>>> print(open('model-v4.csv').read())   # CSV, C-alpha atoms and all ligand atoms
chain,number,residue,atom,x,y,z
A,1349,MET,CA,0.0,0.0,0.0
A,1350,ILE,CA,1.4,3.4,-1.0
A,1351,PHE,CA,0.0,6.5,0.7
A,1352,PRO,CA,0.1,10.0,-0.8
A,1353,TRP,CA,2.8,10.9,1.7
A,1354,THR,CA,5.0,7.9,0.8
A,1355,LEU,CA,4.8,8.5,-3.0
A,1356,SER,CA,8.2,10.2,-3.2
A,1357,GLN,CA,9.9,7.4,-1.3
A,1358,TRP,CA,8.3,4.9,-3.6
A,1359,GLN,CA,9.6,6.8,-6.6
A,1360,GLN,CA,13.1,6.8,-5.0
A,1361,LEU,CA,12.9,3.0,-4.6
A,1362,VAL,CA,11.8,2.5,-8.2
A,1363,GLN,CA,14.5,4.7,-9.5
A,1364,ARG,CA,17.1,2.6,-7.6
A,1365,VAL,CA,15.7,-0.6,-9.2
A,1366,ASN,CA,15.7,1.0,-12.7
A,1367,GLU,CA,19.3,2.1,-12.3
A,1368,GLN,CA,20.2,-1.3,-10.8
A,1369,ARG,CA,21.7,0.2,-7.7
A,1370,LEU,CA,19.6,-1.5,-5.1
A,1371,PRO,CA,21.6,-2.0,-1.9
A,1372,HIS,CA,21.7,-5.1,0.2
A,1373,ALA,CA,20.2,-3.4,3.2
A,1374,MET,CA,17.9,-0.5,3.7
A,1375,LEU,CA,16.4,1.2,6.8
A,1376,PHE,CA,12.9,2.7,6.5
A,1377,GLY,CA,13.0,5.3,9.3
A,1378,GLY,CA,10.4,7.8,10.6
A,1379,ILE,CA,7.8,8.1,13.3
A,1380,GLU,CA,5.1,5.5,13.9
A,1381,GLY,CA,1.9,5.6,11.8
A,1382,LEU,CA,3.2,6.6,8.4
A,1383,GLY,CA,2.9,3.2,6.7
A,1384,LYS,CA,6.6,2.3,6.5
A,1385,LEU,CA,5.8,-1.4,6.8
A,1386,ASP,CA,3.1,-1.2,4.2
A,1387,ILE,CA,5.4,0.3,1.6
A,1388,ALA,CA,8.2,-2.2,2.6
A,1389,ARG,CA,5.8,-5.1,1.9
A,1390,GLN,CA,4.7,-3.5,-1.4
A,1391,PHE,CA,8.3,-3.1,-2.5
A,1392,ALA,CA,9.1,-6.7,-1.6
A,1393,GLN,CA,6.1,-8.0,-3.6
A,1394,SER,CA,7.1,-5.9,-6.6
A,1395,LEU,CA,10.7,-7.2,-6.5
A,1396,LEU,CA,9.4,-10.7,-6.4
A,1397,CYS,CA,6.7,-10.2,-9.0
A,1398,GLN,CA,7.2,-11.7,-12.4
A,1399,GLN,CA,5.7,-8.8,-14.4
A,1400,PRO,CA,5.5,-5.6,-12.4
A,1401,ASP,CA,3.9,-2.6,-14.3
A,1402,ASP,CA,5.6,0.6,-15.5
A,1403,ASN,CA,5.2,2.1,-12.0
A,1404,PHE,CA,6.7,-1.0,-10.5
A,1405,MET,CA,3.4,-2.0,-9.0
A,1406,PRO,CA,3.0,-5.8,-8.6
A,1407,CYS,CA,0.7,-7.5,-11.1
A,1408,SER,CA,-1.3,-9.4,-8.4
A,1409,GLN,CA,-1.7,-12.2,-11.0
A,1410,CYS,CA,1.5,-14.2,-11.3
A,1411,ARG,CA,2.4,-17.2,-9.2
A,1412,SER,CA,4.8,-15.1,-7.2
A,1413,CYS,CA,2.1,-12.5,-6.3
A,1414,ALA,CA,-0.4,-15.2,-5.4
A,1415,GLN,CA,2.1,-16.8,-3.0
A,1416,PHE,CA,3.1,-13.4,-1.6
A,1417,GLU,CA,-0.5,-12.4,-0.9
A,1418,ALA,CA,-1.1,-15.8,0.7
A,1419,ASN,CA,2.0,-15.2,2.9
A,1420,THR,CA,3.6,-18.4,1.5
A,1421,HIS,CA,6.3,-16.9,-0.8
A,1422,PRO,CA,9.5,-19.0,-0.1
A,1423,ASP,CA,11.8,-16.0,-1.0
A,1424,PHE,CA,10.1,-13.5,1.3
A,1425,HIS,CA,10.6,-13.4,5.1
A,1426,LEU,CA,8.9,-11.1,7.5
A,1427,ILE,CA,10.7,-11.1,10.8
A,1428,GLU,CA,8.5,-9.8,13.7
A,1429,PRO,CA,8.5,-10.4,17.4
A,1430,GLU,CA,6.8,-13.8,18.0
A,1431,GLU,CA,4.8,-12.3,20.8
A,1432,GLU,CA,3.5,-8.8,20.9
A,1433,GLY,CA,5.6,-6.5,23.0
A,1434,LYS,CA,8.5,-9.0,23.0
A,1435,GLY,CA,11.8,-8.7,21.2
A,1436,ILE,CA,13.0,-10.4,18.0
A,1437,LYS,CA,15.1,-13.3,19.0
A,1438,VAL,CA,18.5,-14.4,17.7
A,1439,ASP,CA,17.1,-17.7,16.5
A,1440,GLN,CA,14.7,-15.8,14.1
A,1441,ILE,CA,17.7,-14.0,12.6
A,1442,ARG,CA,19.7,-17.2,12.4
A,1443,GLY,CA,16.9,-18.9,10.6
A,1444,LEU,CA,16.9,-16.0,8.1
A,1445,THR,CA,20.6,-16.1,7.4
A,1446,GLU,CA,20.3,-19.9,6.9
A,1447,GLN,CA,17.6,-19.3,4.3
A,1448,PHE,CA,19.7,-16.7,2.6
A,1449,GLY,CA,22.6,-19.2,2.4
A,1450,LEU,CA,20.4,-21.4,0.2
A,1451,ALA,CA,19.7,-20.7,-3.4
A,1452,ALA,CA,16.6,-18.6,-4.2
A,1453,HIS,CA,13.6,-20.6,-5.1
A,1454,TYR,CA,12.7,-18.6,-8.2
A,1455,ALA,CA,16.2,-17.4,-9.0
A,1456,SER,CA,15.2,-13.8,-8.6
A,1457,TYR,CA,15.4,-11.7,-5.4
A,1458,ARG,CA,15.1,-12.7,-1.8
A,1459,VAL,CA,13.7,-10.2,0.5
A,1460,ALA,CA,13.4,-9.9,4.2
A,1461,ILE,CA,11.7,-7.3,6.3
A,1462,ILE,CA,12.6,-6.9,10.0
A,1463,SER,CA,10.0,-4.9,11.9
A,1464,PRO,CA,10.3,-3.2,14.3
A,1465,ALA,CA,14.0,-3.5,13.9
A,1466,GLU,CA,14.8,-1.9,17.2
A,1467,SER,CA,13.1,-4.8,18.9
A,1468,MET,CA,16.0,-7.1,18.0
A,1469,ASN,CA,17.9,-8.0,21.1
A,1470,LEU,CA,21.7,-7.6,21.2
A,1471,ALA,CA,22.4,-11.2,20.1
A,1472,ALA,CA,19.9,-10.9,17.2
A,1473,ALA,CA,21.5,-7.7,16.1
A,1474,ASN,CA,25.0,-9.2,16.2
A,1475,SER,CA,23.8,-12.2,14.2
A,1476,LEU,CA,22.3,-9.8,11.6
A,1477,LEU,CA,25.5,-7.8,11.4
A,1478,LYS,CA,27.3,-10.9,9.9
A,1479,SER,CA,24.7,-11.0,7.1
A,1480,LEU,CA,25.2,-7.3,6.5
A,1481,GLU,CA,28.9,-7.6,6.4
A,1482,GLU,CA,28.9,-10.4,3.8
A,1483,PRO,CA,25.6,-10.0,2.0
A,1484,PRO,CA,24.5,-12.9,-0.2
A,1485,GLU,CA,23.8,-12.1,-3.9
A,1486,ASN,CA,20.4,-10.7,-4.9
A,1487,THR,CA,19.1,-10.3,-1.4
A,1488,LEU,CA,17.5,-7.3,0.2
A,1489,ILE,CA,17.0,-6.8,3.9
A,1490,ILE,CA,14.6,-3.9,4.9
A,1491,LEU,CA,14.8,-2.8,8.5
A,1492,VAL,CA,11.7,-0.9,9.5
A,1493,SER,CA,12.0,1.2,12.6
A,1494,SER,CA,10.2,4.1,14.3
A,1495,HIS,CA,13.1,4.4,16.8
A,1496,SER,CA,16.1,3.9,14.7
A,1497,ALA,CA,18.3,5.9,17.0
A,1498,SER,CA,18.3,2.9,19.3
A,1499,LEU,CA,19.8,0.6,16.7
A,1500,PRO,CA,23.5,-0.2,17.0
A,1501,SER,CA,25.6,2.2,14.9
A,1502,THR,CA,27.3,-0.9,13.3
A,1503,ILE,CA,24.0,-1.8,11.8
A,1504,LEU,CA,22.9,1.7,10.9
A,1505,SER,CA,26.2,2.3,9.0
A,1506,ARG,CA,25.5,-0.7,6.8
A,1507,CYS,CA,22.0,0.3,5.7
A,1508,GLN,CA,20.9,2.9,3.1
A,1509,ARG,CA,18.4,5.0,4.8
A,1510,VAL,CA,15.0,6.0,3.4
A,1511,ASN,CA,13.3,8.6,5.6
A,1512,PHE,CA,9.5,9.0,6.0
A,1513,ASP,CA,8.0,12.3,7.2
A,1514,SER,CA,4.5,13.3,8.3
A,1515,PRO,CA,2.4,14.8,5.6
A,1516,SER,CA,1.1,18.4,5.8
A,1517,ALA,CA,-2.0,18.8,7.9
A,1518,ASP,CA,-4.0,19.5,4.8
A,1519,MET,CA,-2.9,16.4,3.0
A,1520,ALA,CA,-3.5,14.3,6.1
A,1521,VAL,CA,-7.0,15.7,6.7
A,1522,ASN,CA,-8.0,15.2,3.0
A,1523,TRP,CA,-6.8,11.6,3.1
A,1524,LEU,CA,-8.6,10.9,6.4
A,1525,ASN,CA,-11.9,12.3,5.0
A,1526,LYS,CA,-11.5,10.4,1.7
A,1527,HIS,CA,-10.4,7.1,3.0
A,1528,HIS,CA,-12.1,7.0,6.4
A,1529,THR,CA,-15.4,8.7,5.6
A,1530,GLY,CA,-17.5,9.0,8.7
A,1531,LEU,CA,-14.7,8.4,11.1
A,1532,PHE,CA,-14.8,12.0,12.3
A,1533,ASP,CA,-18.6,12.4,12.2
A,1534,GLY,CA,-20.9,13.2,15.1
A,1535,GLU,CA,-19.6,14.8,18.3
A,1536,ILE,CA,-16.0,14.6,17.2
A,1537,GLY,CA,-16.6,16.3,13.9
A,1538,GLY,CA,-13.9,18.8,13.2
A,1539,SER,CA,-11.4,17.3,15.5
A,1540,GLU,CA,-9.2,15.8,12.7
A,1541,ARG,CA,-6.4,18.4,13.2
A,1542,ALA,CA,-6.4,18.0,16.9
A,1543,VAL,CA,-6.2,14.2,16.7
A,1544,LEU,CA,-3.5,14.4,14.1
A,1545,ALA,CA,-1.5,16.7,16.2
A,1546,MET,CA,-1.7,14.2,19.1
A,1547,ALA,CA,-0.5,11.6,16.7
A,1548,ASN,CA,2.5,13.7,15.7
A,1549,GLY,CA,0.9,14.2,12.3
A,1550,ALA,CA,0.9,10.5,11.4
A,1551,PRO,CA,-2.4,9.7,9.7
A,1552,LEU,CA,-2.4,6.0,10.4
A,1553,LYS,CA,-1.8,6.6,14.1
A,1554,ALA,CA,-4.6,9.2,14.1
A,1555,VAL,CA,-7.0,6.6,12.7
A,1556,LYS,CA,-6.1,4.2,15.5
A,1557,SER,CA,-6.5,6.9,18.1
A,1558,VAL,CA,-10.1,7.6,17.1
A,1559,ASP,CA,-11.1,4.1,17.9
A,1560,SER,CA,-9.7,4.3,21.3
A,1561,GLU,CA,-10.8,6.0,24.5
A,1562,LEU,CA,-8.6,8.9,23.6
A,1563,ILE,CA,-11.4,11.0,22.0
A,1564,LYS,CA,-13.8,10.4,24.9
A,1565,GLN,CA,-11.0,11.5,27.3
A,1566,ARG,CA,-10.4,14.6,25.3
A,1567,GLU,CA,-14.2,15.5,25.4
A,1568,GLN,CA,-14.3,15.0,29.2
A,1569,MET,CA,-11.1,16.9,29.8
A,1570,PHE,CA,-12.3,19.8,27.7
A,1571,SER,CA,-15.6,20.0,29.5
A,1572,LEU,CA,-13.8,20.1,32.8
A,1573,PHE,CA,-11.4,22.7,31.4
A,1574,LEU,CA,-14.3,25.0,30.4
A,1575,ALA,CA,-16.3,24.3,33.6
A,1576,VAL,CA,-13.4,25.3,35.8
A,1577,ALA,CA,-12.9,28.5,33.9
A,1578,GLU,CA,-16.6,29.3,34.3
A,1579,GLY,CA,-16.5,28.5,38.0
A,1580,ALA,CA,-19.0,25.7,37.5
A,1581,GLU,CA,-16.8,22.9,38.5
A,1582,SER,CA,-14.2,22.5,41.2
A,1583,PRO,CA,-10.6,22.3,39.9
A,1584,LEU,CA,-9.9,19.6,42.5
A,1585,GLY,CA,-10.5,15.9,42.1
A,1586,ALA,CA,-10.4,15.4,38.3
A,1587,ASP,CA,-11.8,12.1,37.3
A,1588,LYS,CA,-9.4,9.3,38.6
A,1589,GLN,CA,-10.6,7.0,35.8
A,1590,TRP,CA,-9.0,8.9,33.0
A,1591,LEU,CA,-5.9,9.7,35.0
A,1592,LYS,CA,-5.3,5.9,35.4
A,1593,THR,CA,-3.6,5.6,32.0
A,1594,GLY,CA,-1.1,8.4,33.0
A,1595,ILE,CA,-1.1,12.1,32.8
A,1596,THR,CA,0.8,12.7,29.6
A,1597,THR,CA,-2.1,12.6,27.3
A,1598,PRO,CA,-4.5,14.9,29.3
A,1599,ILE,CA,-1.6,17.4,29.7
A,1600,GLN,CA,-0.9,17.3,26.0
A,1601,TRP,CA,-4.5,18.1,25.3
A,1602,VAL,CA,-4.3,21.1,27.7
A,1603,TYR,CA,-1.1,22.1,26.0
A,1604,SER,CA,-2.8,22.2,22.6
A,1605,TRP,CA,-5.8,24.2,23.9
A,1606,ILE,CA,-3.5,26.8,25.5
A,1607,SER,CA,-1.4,27.0,22.3
A,1608,ASP,CA,-4.7,27.6,20.4
A,1609,LEU,CA,-5.7,30.3,22.9
A,1610,ILE,CA,-2.4,32.1,22.3
A,1611,LYS,CA,-2.9,31.9,18.6
A,1612,LEU,CA,-6.3,33.5,19.0
A,1613,LYS,CA,-4.8,36.2,21.2
A,1614,VAL,CA,-2.2,37.1,18.5
A,1615,ASN,CA,-4.6,36.8,15.6
A,1616,LEU,CA,-3.3,33.5,14.1
A,1617,ARG,CA,-6.8,32.0,13.8
A,1618,GLU,CA,-5.9,30.1,10.7
A,1619,ALA,CA,-3.3,28.1,12.6
A,1620,LEU,CA,-5.8,26.7,15.1
A,1621,VAL,CA,-5.5,23.0,15.7
A,1622,ASN,CA,-8.7,22.4,17.7
A,1623,LEU,CA,-11.1,23.6,15.1
A,1624,ASP,CA,-14.0,21.7,16.6
A,1625,LYS,CA,-13.6,23.8,19.8
A,1626,SER,CA,-13.0,27.1,18.2
A,1627,ALA,CA,-16.2,28.8,19.5
A,1628,ASP,CA,-15.5,27.8,23.1
A,1629,LEU,CA,-11.8,28.8,22.7
A,1630,GLN,CA,-12.8,32.1,21.3
A,1631,LYS,CA,-14.8,32.9,24.4
A,1632,LEU,CA,-12.1,31.7,26.7
A,1633,ALA,CA,-9.5,33.9,24.8
A,1634,GLN,CA,-11.4,37.0,25.9
A,1635,GLN,CA,-11.2,35.8,29.5
A,1636,VAL,CA,-7.5,35.4,29.8
A,1637,GLU,CA,-4.3,37.5,29.4
A,1638,LEU,CA,-1.6,36.6,26.9
A,1639,GLY,CA,1.2,36.8,29.5
A,1640,SER,CA,-0.6,34.4,31.8
A,1641,LEU,CA,-1.1,32.0,29.0
A,1642,TYR,CA,2.6,32.0,28.2
A,1643,ARG,CA,3.4,31.3,31.9
A,1644,PHE,CA,0.8,28.5,32.0
A,1645,LEU,CA,2.4,27.0,28.9
A,1646,ASP,CA,5.8,27.0,30.5
A,1647,ASN,CA,4.3,25.3,33.5
A,1648,ILE,CA,2.9,22.5,31.3
A,1649,LEU,CA,6.2,22.0,29.5
A,1650,ASP,CA,7.9,21.6,32.9
A,1651,ILE,CA,5.4,18.9,33.9
A,1652,LEU,CA,5.9,17.1,30.6
A,1653,LYS,CA,9.7,17.2,31.1
A,1654,LYS,CA,9.4,15.5,34.5
A,1655,GLN,CA,7.3,12.7,33.0
A,1656,ARG,CA,10.1,10.1,33.3
A,1657,ALA,CA,9.8,9.9,37.1
A,1658,PRO,CA,6.8,8.3,38.7
A,1659,LEU,CA,4.5,11.1,39.7
A,1660,ASN,CA,1.3,11.7,41.7
A,1661,THR,CA,-0.9,12.3,38.7
A,1662,GLN,CA,-3.9,13.4,40.7
A,1663,MET,CA,-1.9,16.1,42.5
A,1664,ILE,CA,-0.4,17.4,39.3
A,1665,MET,CA,-3.8,17.6,37.6
A,1666,ASP,CA,-5.3,19.4,40.7
A,1667,ASP,CA,-2.4,21.9,40.8
A,1668,LEU,CA,-2.8,22.5,37.1
A,1669,LEU,CA,-6.5,23.1,37.2
A,1670,LEU,CA,-6.2,25.3,40.3
A,1671,ASP,CA,-3.7,27.4,38.4
A,1672,TRP,CA,-6.1,27.5,35.4
A,1673,LYS,CA,-8.9,28.6,37.7
A,1674,THR,CA,-6.8,31.5,39.1
A,1675,LEU,CA,-5.7,32.5,35.7
A,1676,THR,CA,-9.2,32.7,34.2
A,1677,ALA,CA,-10.8,34.1,37.4
A,1678,SER,CA,-8.4,37.0,37.8
A,1679,VAL,CA,-9.3,38.6,34.4
A,1680,GLU,CA,-13.0,38.2,35.0
A,1681,HIS,CA,-12.7,40.1,38.2
A,1682,THR,CA,-10.7,43.0,36.7
A,1683,HIS,CA,-13.5,43.3,34.2
A,1684,TYR,CA,-16.1,44.0,36.8
A,1685,ARG,CA,-14.0,46.1,39.1
B,1701,ZN,ZN,3.0,-10.5,-10.0
>>> encode(input="model-v4.csv", output="structure tokens")
Amino acid sequence: MIFPWTLSQWQQLVQRVNEQRLPHAMLFGGIEGLGKLDIARQFAQSLLCQQPDDNFMPCSQCRSCAQFEANTHPDFHLIEPEEEGKGIKVDQIRGLTEQFGLAAHYASYRVAIISPAESMNLAAANSLLKSLEEPPENTLIILVSSHSASLPSTILSRCQRVNFDSPSADMAVNWLNKHHTGLFDGEIGGSERAVLAMANGAPLKAVKSVDSELIKQREQMFSLFLAVAEGAESPLGADKQWLKTGITTPIQWVYSWISDLIKLKVNLREALVNLDKSADLQKLAQQVELGSLYRFLDNILDILKKQRAPLNTQMIMDDLLLDWKTLTASVEHTHYR
């Protein structure tokens, strides 16, 4: 599967094939949720296909494609952790190098994808290194990694890197609306940009987020955020249920609302991320001062920095909402004075 934001990488790959300068090892790097594994699989299928088209897309009809699509192609190996959340073991890599030592079944390419590559333990990485140092003919190993900085430098230096970046917000929103029609309907209508921002701009991660509790949590948090500003709700005792999964996500939401409030204060309305909340944010913007918003934002950044240590999430949230209440209340009072 090739997405609009992976098109240029695809063209790069095809060009390497056409110029017959395909390396033995490549690293597909970039954040999670951009479809790196999808494009790696597509490329593998095309390399193995007996009659790819002019754009190097697989024919989906030859024997090789049939086997590939049935996950039974003898010259294709997808190495993933055997159990979710566990590492890739040395035996898996040894099995692969043994396969690569044998002749190819169809005398064309042999392709392996290792994903996520950073989940290889040290022994597995060392075993792979041997293959990378003495690569067999007509083989390609594609490492797929969203955290390539944690791969050993000995491996990184032997792979040609292909970088994947997040698409522009416009491209991502267009794609979401076209390919996931109805996903952002109803009460979350208009939240595409906010959800994308939470997913670091990665559209596939955004799609996953929508199905999760994340959206509900955002709604609850925003209601509380408003109610505290209006004095309708106590800033103390935020719902323990949604603090259970940690405080980072709720704090990131608050960060994005405060950033939007600042944008409204400095007339950068077109840069708003939380479009679905723009009416409420506009009202809030009149209730707060720019200087206080900047101070509040610094405060949030401090909390996010301290995330590594175990924290009393309830206390942090209480402090944050108390601060927010003071900030919104003080301006209201000066109005009426
Ligand atoms: Zn084919």
>>> residues_near_ligand(input="model-v4.csv", ligand="ligand ZN 1701 (chain B)", cutoff="7 Å", atoms="all atoms listed in the file", output="ChimeraX atom specification")
/A:1397-1400,1406-1413
>>> atom_distance(input="model-v4.csv", atom1="atom CA of Trp1353 of chain A", atom2="atom CA of Pro1515 of chain A")
5.5 Å
>>> residues_around(input="model-v4.csv", residues="segment 1425-1430 of chain A", least_positions_apart="6", cutoff="6 Å", atoms="only C-alpha atoms", output="count of residues only")
5
>>> closest_residue(input="model-v4.csv", among="A:Ser1571, A:Gln1359, A:Asn1511, A:Ser1557", to="Asp1628 of chain A", atoms="all atoms listed in the file")
A:Ser1571
>>> residues_around(input="model-v4.csv", residues="segment 1523-1531 of chain A", least_positions_apart="3", cutoff="12 Å", atoms="all atoms listed in the file", output="ChimeraX atom specification")
/A:1351-1353,1515-1520,1534-1541,1543-1544,1549-1559,1563
>>> residues_around(input="model-v4.csv", residues="segment 1388-1391 of chain A", least_positions_apart="6", cutoff="9 Å", atoms="all atoms listed in the file", output="MDAnalysis selection string")
chainID A and resid 1349:1350 1358 1361:1362 1376 1404:1406 1426 1461 1490:1492
>>> write_last_selection(input="model-v4.csv", atoms="C-alpha atoms", output="tab-separated table (two decimals), in the frame of the given file")
chain	number	residue	atom	x	y	z
A	1349	MET	CA	0.00	0.00	0.00
A	1350	ILE	CA	1.40	3.40	-1.00
A	1358	TRP	CA	8.30	4.90	-3.60
A	1361	LEU	CA	12.90	3.00	-4.60
A	1362	VAL	CA	11.80	2.50	-8.20
A	1376	PHE	CA	12.90	2.70	6.50
A	1404	PHE	CA	6.70	-1.00	-10.50
A	1405	MET	CA	3.40	-2.00	-9.00
A	1406	PRO	CA	3.00	-5.80	-8.60
A	1426	LEU	CA	8.90	-11.10	7.50
A	1461	ILE	CA	11.70	-7.30	6.30
A	1490	ILE	CA	14.60	-3.90	4.90
A	1491	LEU	CA	14.80	-2.80	8.50
A	1492	VAL	CA	11.70	-0.90	9.50
>>> residues_near_point(input="model-v4.csv", point="(24.6, -4.5, 11.0)", cutoff="8 Å", atoms="only C-alpha atoms", output="list in words")
Ala1473, Asn1474, Leu1476, Leu1477, Lys1478, Ser1479, Leu1480, Glu1481, Pro1500, Ser1501, Thr1502, Ile1503, Leu1504, Ser1505, Arg1506 and Cys1507 of chain A
>>> atom_distance(input="model-v4.csv", atom1="atom CA of Leu1382 of chain A", atom2="atom CA of His1495 of chain A")
13.2 Å
>>> residues_around(input="model-v4.csv", residues="Lys1611 of chain A", least_positions_apart="5", cutoff="10 Å", atoms="only C-alpha atoms", output="PDB file with C-alpha atoms, in the frame of the given file")
ATOM      1  CA  TRP A1605      -5.800  24.200  23.900  1.00  0.00           C
ATOM      2  CA  ILE A1606      -3.500  26.800  25.500  1.00  0.00           C
ATOM      3  CA  LEU A1616      -3.300  33.500  14.100  1.00  0.00           C
ATOM      4  CA  ARG A1617      -6.800  32.000  13.800  1.00  0.00           C
ATOM      5  CA  GLU A1618      -5.900  30.100  10.700  1.00  0.00           C
ATOM      6  CA  ALA A1619      -3.300  28.100  12.600  1.00  0.00           C
ATOM      7  CA  LEU A1620      -5.800  26.700  15.100  1.00  0.00           C
ATOM      8  CA  VAL A1621      -5.500  23.000  15.700  1.00  0.00           C
ATOM      9  CA  ALA A1633      -9.500  33.900  24.800  1.00  0.00           C
ATOM     10  CA  LEU A1638      -1.600  36.600  26.900  1.00  0.00           C
TER      11      LEU A1638
END
>>> closest_residue(input="model-v4.csv", among="A:Gly1443, A:Pro1464, A:Gly1585, A:Gly1449", to="Leu1375 of chain A", atoms="all atoms listed in the file")
A:Pro1464
>>> atom_distance(input="model-v4.csv", atom1="atom CA of Ala1580 of chain A", atom2="atom CA of Tyr1642 of chain A")
24.3 Å
>>> closest_residue(input="model-v4.csv", among="A:Ser1456, A:Gln1357, A:Thr1674, A:Thr1445", to="Ser1394 of chain A", atoms="all atoms listed in the file")
A:Ser1456
>>> closest_residue(input="model-v4.csv", among="A:Ser1582, A:Ser1640, A:Thr1661, A:Gln1635", to="Thr1596 of chain A", atoms="all atoms listed in the file")
A:Thr1661
>>> residues_around(input="model-v4.csv", residues="Pro1598 of chain A", least_positions_apart="4", cutoff="10 Å", atoms="only C-alpha atoms", output="JSON, numbers by chain")
{"A": [1562, 1565, 1566, 1568, 1569, 1570, 1590, 1591, 1593, 1594, 1602, 1603, 1665]}
>>> write_last_selection(input="model-v4.csv", atoms="C-alpha atoms", output="PDB file, keeping the file's coordinate frame")
ATOM      1  CA  LEU A1562      -8.600   8.900  23.600  1.00  0.00           C
ATOM      2  CA  GLN A1565     -11.000  11.500  27.300  1.00  0.00           C
ATOM      3  CA  ARG A1566     -10.400  14.600  25.300  1.00  0.00           C
ATOM      4  CA  GLN A1568     -14.300  15.000  29.200  1.00  0.00           C
ATOM      5  CA  MET A1569     -11.100  16.900  29.800  1.00  0.00           C
ATOM      6  CA  PHE A1570     -12.300  19.800  27.700  1.00  0.00           C
ATOM      7  CA  TRP A1590      -9.000   8.900  33.000  1.00  0.00           C
ATOM      8  CA  LEU A1591      -5.900   9.700  35.000  1.00  0.00           C
ATOM      9  CA  THR A1593      -3.600   5.600  32.000  1.00  0.00           C
ATOM     10  CA  GLY A1594      -1.100   8.400  33.000  1.00  0.00           C
ATOM     11  CA  VAL A1602      -4.300  21.100  27.700  1.00  0.00           C
ATOM     12  CA  TYR A1603      -1.100  22.100  26.000  1.00  0.00           C
ATOM     13  CA  MET A1665      -3.800  17.600  37.600  1.00  0.00           C
TER      14      MET A1665
END
>>> closest_residue(input="model-v4.csv", among="A:Ile1387, A:Ala1373, A:Ala1542, A:Leu1669", to="Ala1575 of chain A", atoms="all atoms listed in the file")
A:Leu1669
>>> residues_near_point(input="model-v4.csv", point="(5.6, 24.6, 26.4)", cutoff="12 Å", atoms="all atoms listed in the file", output="list in words")
Ile1599, Gln1600, Val1602, Tyr1603, Ser1604, Trp1605, Ile1606, Ser1607, Ile1610, Leu1641, Tyr1642, Arg1643, Phe1644, Leu1645, Asp1646, Asn1647, Ile1648, Leu1649, Asp1650, Ile1651, Leu1652 and Lys1653 of chain A
>>> closest_residue(input="model-v4.csv", among="A:Leu1470, A:Gly1378, A:Lys1613, A:Leu1584", to="Ile1664 of chain A", atoms="only C-alpha atoms")
A:Leu1584
>>> build_atoms(input="model-v4.csv", residues="segment 1463-1474 of chain A", atoms="N, CA and C atoms", output="compact mmCIF listing (two decimals), keeping the file's coordinate frame")
# COMPACT_ATOMS: atom_id res chain seq x y z
N SER A 1463 10.88 -6.01 11.36
CA SER A 1463 10.00 -4.90 11.90
C SER A 1463 9.39 -5.28 13.22
N PRO A 1464 9.46 -4.43 14.20
CA PRO A 1464 10.30 -3.20 14.30
C PRO A 1464 11.73 -3.62 14.58
N ALA A 1465 12.64 -3.07 13.78
CA ALA A 1465 14.00 -3.50 13.90
C ALA A 1465 14.65 -3.25 15.24
N GLU A 1466 14.19 -2.21 15.91
CA GLU A 1466 14.80 -1.90 17.20
C GLU A 1466 14.42 -2.93 18.28
N SER A 1467 13.48 -3.82 17.95
CA SER A 1467 13.10 -4.80 18.90
C SER A 1467 14.04 -6.05 18.90
N MET A 1468 15.03 -6.04 18.00
CA MET A 1468 16.00 -7.10 18.00
C MET A 1468 16.85 -7.00 19.29
N ASN A 1469 17.04 -8.12 19.99
CA ASN A 1469 17.90 -8.00 21.10
C ASN A 1469 19.39 -8.03 20.63
N LEU A 1470 20.32 -7.85 21.55
CA LEU A 1470 21.70 -7.60 21.20
C LEU A 1470 22.25 -8.83 20.34
N ALA A 1471 21.93 -10.05 20.80
CA ALA A 1471 22.40 -11.20 20.10
C ALA A 1471 21.84 -11.29 18.68
N ALA A 1472 20.57 -10.93 18.54
CA ALA A 1472 19.90 -10.90 17.20
C ALA A 1472 20.60 -9.89 16.32
N ALA A 1473 20.86 -8.72 16.88
CA ALA A 1473 21.50 -7.70 16.10
C ALA A 1473 22.89 -8.08 15.64
N ASN A 1474 23.63 -8.73 16.54
CA ASN A 1474 25.00 -9.20 16.20
C ASN A 1474 24.93 -10.25 15.08
